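Dumped my_file-v4.csv below, it's CSV, C-alpha atoms:
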```
chain,number,residue,atom,x,y,z
W,1,MET,CA,-7.1,64.9,-48.3
W,2,LYS,CA,-8.2,61.9,-46.2
W,3,THR,CA,-10.7,59.4,-47.5
W,4,GLN,CA,-13.3,57.9,-45.1
W,5,ASN,CA,-13.4,54.1,-45.7
W,6,SER,CA,-15.9,52.0,-43.7
W,7,SER,CA,-15.0,48.8,-45.5
W,8,GLU,CA,-16.0,45.8,-43.3
W,9,LYS,CA,-13.4,43.3,-42.1
W,10,THR,CA,-15.6,40.3,-42.9
W,11,THR,CA,-13.1,37.8,-41.3
W,12,LEU,CA,-13.9,39.1,-37.8
W,13,HIS,CA,-16.8,37.7,-35.8
W,14,PRO,CA,-20.2,39.2,-36.8
W,15,ARG,CA,-20.7,40.7,-33.3
W,16,ASN,CA,-17.1,42.2,-33.1
W,17,PRO,CA,-17.5,46.0,-32.9
W,18,HIS,CA,-14.1,46.4,-34.6
W,19,ARG,CA,-15.2,44.9,-37.9
W,20,PHE,CA,-15.0,48.3,-39.6
W,21,ARG,CA,-12.1,50.7,-40.2
W,22,TYR,CA,-11.2,52.7,-37.2
W,23,ASP,CA,-13.0,56.0,-37.0
W,24,PHE,CA,-10.0,58.1,-35.9
W,25,ASP,CA,-12.0,61.3,-35.5
W,26,ALA,CA,-14.3,59.6,-33.0
W,27,LEU,CA,-11.3,57.9,-31.3
W,28,ILE,CA,-9.3,61.1,-31.0
W,29,LYS,CA,-12.4,62.8,-29.5
W,30,VAL,CA,-12.3,60.4,-26.5
W,31,TYR,CA,-8.5,60.1,-26.4
W,32,PRO,CA,-6.9,63.3,-27.8
W,33,ASP,CA,-3.3,61.9,-27.4
W,34,LEU,CA,-4.0,59.5,-30.3
W,35,LYS,CA,-3.9,62.4,-32.7
W,36,ASP,CA,-0.1,62.6,-32.6
W,37,PHE,CA,0.2,59.1,-34.1
W,38,VAL,CA,-2.4,59.3,-36.9
W,39,HIS,CA,-1.3,60.0,-40.4
W,40,ILE,CA,-2.6,59.7,-44.0
W,41,ASN,CA,-1.2,56.7,-45.9
W,42,GLU,CA,-0.6,56.2,-49.6
W,43,HIS,CA,-4.3,55.2,-50.1
W,44,GLN,CA,-5.4,58.5,-48.6
W,45,LEU,CA,-6.7,56.7,-45.5
W,46,GLU,CA,-6.0,57.6,-41.9
W,47,THR,CA,-3.9,55.1,-40.0
W,48,ILE,CA,-1.1,54.7,-37.5
W,49,ASP,CA,2.3,53.1,-37.6
W,50,PHE,CA,1.6,49.6,-36.2
W,51,SER,CA,5.3,49.0,-35.7
W,52,ASN,CA,5.5,51.9,-33.2
W,53,PRO,CA,4.6,50.5,-29.7
W,54,GLU,CA,3.5,54.0,-28.5
W,55,ALA,CA,1.1,54.3,-31.4
W,56,VAL,CA,-0.4,50.9,-30.7
W,57,ILE,CA,-0.8,51.6,-27.0
W,58,ALA,CA,-2.5,55.0,-27.8
W,59,LEU,CA,-4.9,53.2,-30.2
W,60,ASN,CA,-5.7,50.6,-27.5
W,61,LYS,CA,-6.4,53.3,-24.9
W,62,ALA,CA,-8.8,55.1,-27.3
W,63,LEU,CA,-10.6,51.8,-28.2
W,64,LEU,CA,-10.9,50.9,-24.5
W,65,VAL,CA,-12.5,54.2,-23.7
W,66,SER,CA,-14.8,54.3,-26.7
W,67,HIS,CA,-16.0,50.7,-26.8
W,68,TYR,CA,-15.5,49.4,-23.2
W,69,ASP,CA,-15.8,52.4,-21.0
W,70,ILE,CA,-12.3,51.8,-19.5
W,71,GLN,CA,-10.9,55.3,-18.6
W,72,ASN,CA,-7.6,54.4,-17.2
W,73,TRP,CA,-5.5,51.7,-18.9
W,74,ASP,CA,-1.8,51.4,-19.4
W,75,ILE,CA,0.9,48.7,-19.5
W,76,PRO,CA,4.6,48.8,-18.3
W,77,ALA,CA,7.3,49.2,-20.9
W,78,ASN,CA,8.1,46.0,-22.9
W,79,TYR,CA,4.9,44.1,-22.0
W,80,LEU,CA,2.6,42.6,-24.6
W,81,CYS,CA,0.3,45.2,-26.1
W,82,PRO,CA,-2.5,43.0,-27.6
W,83,PRO,CA,-4.4,43.9,-30.8
W,84,ILE,CA,-7.9,44.4,-29.4
W,85,PRO,CA,-10.0,43.3,-32.4
W,86,GLY,CA,-8.4,39.8,-32.3
W,87,ARG,CA,-8.9,39.5,-28.5
W,88,ALA,CA,-12.5,40.5,-28.9
W,89,ASP,CA,-13.0,37.8,-31.5
W,90,TYR,CA,-11.9,35.1,-29.1
W,91,ILE,CA,-14.4,36.4,-26.5
W,92,HIS,CA,-17.3,36.4,-29.0
W,93,TYR,CA,-16.5,32.9,-30.2
W,94,ILE,CA,-16.4,31.7,-26.5
W,95,ALA,CA,-19.9,33.2,-26.2
W,96,ASP,CA,-21.1,31.2,-29.1
W,97,LEU,CA,-19.5,28.1,-27.7
W,98,LEU,CA,-21.4,28.6,-24.3
W,99,ALA,CA,-24.6,29.1,-26.2
W,100,THR,CA,-24.3,25.6,-27.7
W,101,THR,CA,-25.0,24.1,-24.2
W,102,ASN,CA,-27.5,26.7,-23.2
W,103,ASN,CA,-30.4,26.2,-25.7
W,104,GLY,CA,-28.7,28.5,-28.2
W,105,VAL,CA,-28.7,31.5,-25.8
W,106,ILE,CA,-25.5,33.2,-24.8
W,107,PRO,CA,-25.3,33.1,-21.0
W,108,GLU,CA,-24.6,36.5,-19.5
W,109,GLY,CA,-23.9,37.9,-16.0
W,110,GLU,CA,-21.4,37.5,-13.2
W,111,ASN,CA,-22.3,33.9,-12.5
W,112,VAL,CA,-20.6,32.9,-15.7
W,113,ILE,CA,-16.9,32.7,-14.6
W,114,GLY,CA,-14.0,32.5,-17.0
W,115,LEU,CA,-10.4,31.5,-16.1
W,116,ASP,CA,-7.8,33.6,-18.1
W,117,ILE,CA,-4.5,31.6,-18.2
W,118,GLY,CA,-1.7,34.1,-18.6
W,119,ILE,CA,-3.6,37.4,-18.2
W,120,GLY,CA,-0.4,39.4,-18.7
W,121,ALA,CA,-0.2,43.0,-17.7
W,122,ASN,CA,-3.0,44.1,-20.0
W,123,CYS,CA,-6.2,42.4,-18.5
W,124,ILE,CA,-7.8,42.6,-22.0
W,125,TYR,CA,-9.8,39.4,-22.1
W,126,PRO,CA,-11.6,40.0,-18.8
W,127,ILE,CA,-12.2,43.7,-19.7
W,128,ILE,CA,-13.9,42.7,-23.0
W,129,GLY,CA,-15.7,39.7,-21.6
W,130,ASN,CA,-17.1,41.6,-18.6
W,131,THR,CA,-18.1,44.7,-20.6
W,132,THR,CA,-19.7,42.7,-23.4
W,133,TYR,CA,-21.4,39.9,-21.6
W,134,GLY,CA,-21.2,40.8,-17.9
W,135,TRP,CA,-19.0,37.7,-17.1
W,136,SER,CA,-16.6,37.4,-14.1
W,137,PHE,CA,-13.0,36.3,-14.4
W,138,VAL,CA,-10.1,34.9,-12.5
W,139,GLY,CA,-6.8,36.0,-14.2
W,140,THR,CA,-3.6,34.0,-13.5
W,141,ASP,CA,0.0,34.7,-14.4
W,142,ILE,CA,3.5,33.6,-13.3
W,143,ASP,CA,4.7,37.3,-13.5
W,144,GLU,CA,4.0,39.3,-10.3
W,145,LYS,CA,4.7,42.6,-12.0
W,146,ALA,CA,2.1,41.9,-14.7
W,147,LEU,CA,-0.5,41.1,-12.0
W,148,GLN,CA,0.4,44.3,-10.1
W,149,ASN,CA,-0.4,46.2,-13.3
W,150,CYS,CA,-3.7,44.4,-13.7
W,151,LYS,CA,-4.5,45.2,-10.1
W,152,LYS,CA,-3.9,48.9,-10.9
W,153,ILE,CA,-6.2,48.8,-14.0
W,154,ILE,CA,-8.9,47.2,-11.9
W,155,ALA,CA,-8.6,49.7,-9.1
W,156,ASP,CA,-8.6,52.6,-11.6
W,157,ASN,CA,-11.8,51.3,-13.2
W,158,PRO,CA,-14.2,50.6,-10.2
W,159,LYS,CA,-16.7,48.6,-12.4
W,160,LEU,CA,-14.1,45.8,-12.6
W,161,ILE,CA,-13.3,45.5,-8.9
W,162,ASP,CA,-16.0,42.9,-8.0
W,163,VAL,CA,-15.8,40.9,-11.3
W,164,ILE,CA,-12.0,40.3,-11.8
W,165,SER,CA,-9.8,38.5,-9.3
W,166,LEU,CA,-6.1,37.8,-9.8
W,167,GLN,CA,-4.0,34.8,-8.8
W,168,LEU,CA,-0.2,34.3,-9.0
W,169,GLN,CA,0.8,30.9,-10.2
W,170,VAL,CA,3.6,30.2,-7.8
W,171,GLU,CA,4.8,27.0,-9.7
W,172,PRO,CA,5.5,28.2,-13.3
W,173,ARG,CA,5.6,24.7,-14.7
W,174,PHE,CA,1.9,24.1,-13.8
W,175,ILE,CA,-1.1,25.7,-15.4
W,176,PHE,CA,-4.2,24.7,-13.4
W,177,LYS,CA,-2.5,23.3,-10.2
W,178,ASN,CA,-2.8,25.8,-7.3
W,179,ILE,CA,-5.4,27.7,-9.4
W,180,ILE,CA,-8.4,25.5,-9.7
W,181,LEU,CA,-9.5,24.8,-6.1
W,182,PRO,CA,-12.0,22.0,-5.1
W,183,GLU,CA,-14.9,24.5,-4.8
W,184,ASP,CA,-14.3,26.2,-8.1
W,185,LYS,CA,-16.5,25.9,-11.2
W,186,PHE,CA,-15.5,27.7,-14.4
W,187,ALA,CA,-17.7,28.0,-17.5
W,188,PHE,CA,-14.5,28.3,-19.7
W,189,THR,CA,-10.8,28.8,-19.7
W,190,ILE,CA,-9.2,31.2,-22.2
W,191,CYS,CA,-5.5,31.2,-23.1
W,192,ASN,CA,-3.1,32.8,-25.6
W,193,PRO,CA,-0.2,30.4,-25.1
W,194,PRO,CA,3.5,31.4,-25.5
W,195,PHE,CA,4.3,30.8,-29.2
W,196,HIS,CA,8.0,30.3,-29.3
W,197,ASN,CA,10.6,27.8,-28.0
W,198,SER,CA,13.2,30.4,-27.0
W,199,ALA,CA,14.1,34.1,-26.7
W,200,GLU,CA,16.1,33.9,-29.9
W,201,GLU,CA,13.2,32.5,-31.8
W,202,ALA,CA,10.9,35.2,-30.4
W,203,ALA,CA,13.4,37.9,-31.4
W,204,LYS,CA,13.6,36.6,-35.0
W,205,SER,CA,9.8,36.5,-35.3
W,206,ALA,CA,9.6,40.1,-34.0
W,207,LEU,CA,12.1,41.2,-36.6
W,208,ARG,CA,10.1,39.6,-39.4
W,209,LYS,CA,6.9,41.2,-38.1
W,210,VAL,CA,8.4,44.7,-38.1
W,211,ASN,CA,9.9,44.2,-41.6
W,212,THR,CA,6.5,43.1,-42.9
W,213,LEU,CA,4.7,46.0,-41.3
W,214,ASN,CA,7.2,48.5,-42.6
W,215,ASN,CA,7.7,46.8,-45.9
W,216,GLU,CA,11.4,47.2,-45.6
W,217,LYS,CA,14.4,45.3,-44.1
W,218,THR,CA,15.8,46.3,-40.7
W,219,SER,CA,18.2,44.4,-38.5
W,220,LYS,CA,16.9,45.7,-35.2
W,221,ALA,CA,13.6,44.5,-33.9
W,222,VAL,CA,11.2,46.8,-32.1
W,223,LEU,CA,8.8,44.5,-30.4
W,224,ASN,CA,5.8,46.3,-31.6
W,225,PHE,CA,3.4,44.5,-29.4
W,226,GLY,CA,6.1,44.1,-26.6
W,227,GLY,CA,6.3,40.9,-24.6
W,228,GLN,CA,8.1,39.5,-21.7
W,229,ASN,CA,9.7,36.0,-21.7
W,230,ALA,CA,6.7,34.3,-20.2
W,231,GLU,CA,4.4,36.0,-22.7
W,232,LEU,CA,6.3,35.1,-25.8
W,233,TRP,CA,8.2,31.8,-25.3
W,234,CYS,CA,8.5,28.8,-23.0
W,235,SER,CA,10.4,25.5,-23.2
W,236,GLY,CA,8.6,23.4,-25.8
W,237,GLY,CA,6.9,26.4,-27.4
W,238,GLU,CA,3.1,26.4,-28.1
W,239,ILE,CA,2.7,22.7,-28.4
W,240,GLY,CA,4.6,22.1,-25.1
W,241,PHE,CA,2.4,24.5,-23.3
W,242,ILE,CA,-0.8,23.2,-24.7
W,243,THR,CA,0.2,19.6,-24.0
W,244,GLN,CA,0.8,20.5,-20.4
W,245,MET,CA,-2.6,22.2,-20.3
W,246,ILE,CA,-4.4,19.1,-21.8
W,247,TYR,CA,-2.8,16.7,-19.3
W,248,GLU,CA,-3.6,18.9,-16.3
W,249,SER,CA,-7.2,19.6,-17.5
W,250,ALA,CA,-8.0,15.9,-17.1
W,251,LYS,CA,-7.5,16.3,-13.4
W,252,TYR,CA,-10.4,18.8,-13.2
W,253,PRO,CA,-13.0,17.1,-15.5
W,254,LEU,CA,-16.0,18.3,-13.6
W,255,GLN,CA,-14.9,21.8,-12.7
W,256,CYS,CA,-14.8,23.4,-16.1
W,257,LEU,CA,-17.4,23.2,-18.9
W,258,TRP,CA,-15.0,24.2,-21.7
W,259,PHE,CA,-11.3,24.3,-21.7
W,260,THR,CA,-10.1,26.4,-24.6
W,261,THR,CA,-6.9,27.8,-26.0
W,262,LEU,CA,-5.7,29.6,-29.1
W,263,VAL,CA,-3.6,27.5,-31.5
W,264,SER,CA,-1.5,29.5,-33.9
W,265,LYS,CA,0.4,26.7,-35.6
W,266,LYS,CA,-1.9,24.5,-37.7
W,267,ASP,CA,0.7,21.8,-37.7
W,268,ASN,CA,0.1,21.4,-34.0
W,269,LEU,CA,-3.5,20.3,-34.4
W,270,LYS,CA,-2.9,16.6,-35.1
W,271,SER,CA,-0.8,16.2,-32.0
W,272,ILE,CA,-3.4,18.2,-29.9
W,273,TYR,CA,-6.3,16.0,-31.0
W,274,LYS,CA,-4.3,12.8,-30.3
W,275,LYS,CA,-3.5,14.0,-26.7
W,276,LEU,CA,-7.1,15.0,-26.2
W,277,GLY,CA,-8.1,11.5,-27.2
W,278,LYS,CA,-5.6,10.0,-24.8
W,279,VAL,CA,-7.0,11.9,-21.8
W,280,GLY,CA,-10.6,11.0,-22.7
W,281,ALA,CA,-12.1,14.3,-23.8
W,282,ALA,CA,-15.8,13.8,-24.4
W,283,ASP,CA,-16.2,16.5,-27.0
W,284,ILE,CA,-13.6,18.5,-29.0
W,285,LYS,CA,-14.3,21.6,-31.2
W,286,THR,CA,-12.1,23.6,-33.4
W,287,ILE,CA,-13.2,27.2,-34.2
W,288,ASP,CA,-11.4,29.0,-37.0
W,289,MET,CA,-10.5,32.6,-36.6
W,290,ALA,CA,-8.9,35.1,-38.9
W,291,GLN,CA,-7.7,38.7,-38.3
W,292,GLY,CA,-6.5,40.2,-41.6
W,293,GLN,CA,-3.9,37.8,-43.0
W,294,LYS,CA,-3.3,36.0,-39.7
W,295,ILE,CA,-5.1,32.7,-39.5
W,296,SER,CA,-5.6,31.2,-36.0
W,297,ARG,CA,-8.0,28.9,-34.3
W,298,ILE,CA,-9.5,28.0,-30.9
W,299,VAL,CA,-9.4,24.4,-29.8
W,300,ALA,CA,-12.1,23.7,-27.1
W,301,TRP,CA,-12.6,20.5,-25.2
W,302,THR,CA,-14.8,19.2,-22.4
W,303,PHE,CA,-14.9,16.0,-20.3
W,304,LEU,CA,-18.6,16.4,-19.7
W,305,THR,CA,-21.3,14.3,-21.5
W,306,LYS,CA,-24.0,16.2,-23.4
W,307,LYS,CA,-26.3,15.8,-20.5
W,308,GLN,CA,-23.7,17.1,-18.0
W,309,GLN,CA,-23.0,20.0,-20.3
W,310,GLN,CA,-26.7,21.0,-20.2
W,311,ILE,CA,-26.9,21.1,-16.4
W,312,PHE,CA,-23.4,22.4,-15.6
```

Taking this structure as input, can you express it in the form of structure tokens?
Amino acid sequence: MKTQNSSEKTTLHPRNPHRFRYDFDALIKVYPDLKDFVHINEHQLETIDFSNPEAVIALNKALLVSHYDIQNWDIPANYLCPPIPGRADYIHYIADLLATTNNGVIPEGENVIGLDIGIGANCIYPIIGNTTYGWSFVGTDIDEKALQNCKKIIADNPKLIDVISLQLQVEPRFIFKNIILPEDKFAFTICNPPFHNSAEEAAKSALRKVNTLNNEKTSKAVLNFGGQNAELWCSGGEIGFITQMIYESAKYPLQCLWFTTLVSKKDNLKSIYKKLGKVGAADIKTIDMAQGQKISRIVAWTFLTKKQQQIF
């Protein structure tokens, strides 16, 4: 017998629609294929095997239909399959951040333009941001195959066609160069930077994640959330990527209201603040986030004075 449990995930943002346990009956109704992956756990609760990539993709498809009216969504094999509740949290915290310079009101509509650095093959941040707040997005990536998949997602969901544009970063060592053009004006940037230093480090981490999810030891990692090289690691890891982002952002001080990025490793914060001081950031904010046991945070910075922020 299954038990219905609507316990609230209080660590998620108050406006996050994924704060409660998944209603699998409702999700299966909108995406019947999910049924094959749902089982009853030892607590008599319905769940899926989060170490099974197919199960996670099926859950994402169901959530995207039920909460975001996205009817056709898929990703190629071995690409990052993001946990939607955590991605939604980032978007809601960005909305709060934008409200701080808009008399406490969250700005909505297509004139609010976000820049998604490393959109991947999944297009998740723009989907959530547009469905929830009506924002427009430019999504960039160094991976042409990933962008082709985003292009397909957009084409298959016509409501996205006019609000999400895609741009290939042709020089992988740069982040904003070639992307932010002289006439561009972005309300924010959003980024989930590569976490690891190397492919080996990424593989070890994946193995730990699977062992934790299954509560058992295995020597073979299934990348439960997938991930290509550019999504999971880069030379210098998270701090290397964010350092590059900080130094480049200083070249576009008047073209973006808030530069933001996720920072997974707390130990990196001290170095990040130091570099932001070095490039002359006028305002720096750190926003704590938590999804289950995973603690993360958003670091946001701007080069605009309080007055400039108000009239941006």

Could I get the residues of range 25-116 of chain W with an atom no further than 12 Å from an atom of range 166-179 of chain W, each paired with its nearest atom pair and that distance in Å to one decimal, using only C-alpha atoms, sorted by chain and residue number, as CSV?
```
residue,atom,partner,partner_atom,distance
W:Gly114,CA,W:Leu166,CA,11.9
W:Leu115,CA,W:Ile179,CA,9.2
W:Asp116,CA,W:Leu166,CA,9.5
```

Separation of CA of Pro14 in chain W from CA of Phe259 in chain W in Å: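 According to the coordinates, CA of Phe259 in chain W and CA of Pro14 in chain W are separated by 23.0 Å.
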
Among the residues W:Ile94, W:Leu59, W:Leu254, W:Ala88, the one that comes closest to Arg19 in chain W [using all atoms listed in the file]: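 Among the listed residues, W:Ala88 lies closest to Arg19 in chain W.
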
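Coordinates place CA of Ile246 in chain W at a distance of 8.2 Å from CA of Ile272 in chain W.
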
Nearest to Phe188 in chain W, chosen from W:Glu238, W:Phe312, W:Ile124, W:Lys9, with all atoms listed in the file counted in the distances: W:Phe312
